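One structure is given here, and the rest of the page talks about it.
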Amino acid sequence: MKWPWKKKRLSFDEAAKFNWELDTNVKLRQKLDELAKQYANLSEKEYRRKLLMLFRENGLVIDSSQLDMLLLLRHKTDQMLLRQRANDDEETA
């Protein structure tokens with residue numbers, strides 16, 4: 001039985017697709033850039049609604065809490081990669 005109050009878990013495939021789309025989908029990147037320019041004129045709720053709509057238009061059907069988790073995972077992954085790159089640069093210097 002599915003409980004309506006339980007959060008839907010994200011699968012590895014969903015997280016990978018999210019990152020793939022952000023990294024490779026030029027149309028999505030352009031629309032995200034356009035939306036970012038509107039940020040000052042939108043409420044946070046409206047901005048997030050439009051953000052989720054852009055992802056849905058590109059095959060990523062996620063809710064607000066899943067978006068938060070995906071962005072956090074992406075941020076942490078970027079931090080780890082930057083740390084690794086800095087360590088690699090130190091070793092080659």
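The way I read the labels, and the way they are meant: chains A, B, ... in the order of the structure tokens, residue 1 as the first residue of every chain, and ligand 1 as the first ligand shown, with later ones counted on from there.
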
Original post:
Which of chain A counts as alpha helix (DSSP H) under DSSP, as a ChimeraX atom specification please?
Top reply: /A:12-24,26-37,44-57,64-92

Subject >> Pick from A:Gln79, A:Ser65, A:Asn58, A:Thr92 nearest to Lys17 of chain A, counting only C-alpha atoms >> reply: A:Asn58

Original post:
Do you have the atom CA of Ala93 of chain A-atom CA of Thr77 of chain A distance handy?
Top reply: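 Going from atom CA of Ala93 of chain A over to atom CA of Thr77 of chain A, I get 24.3 Å.
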
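For the residues A:Glu57, A:Gln84, A:Gln66, A:Leu42, ranking by smallest atom-to-atom distance to Asn25 of chain A using only C-alpha atoms places A:Glu57 first.
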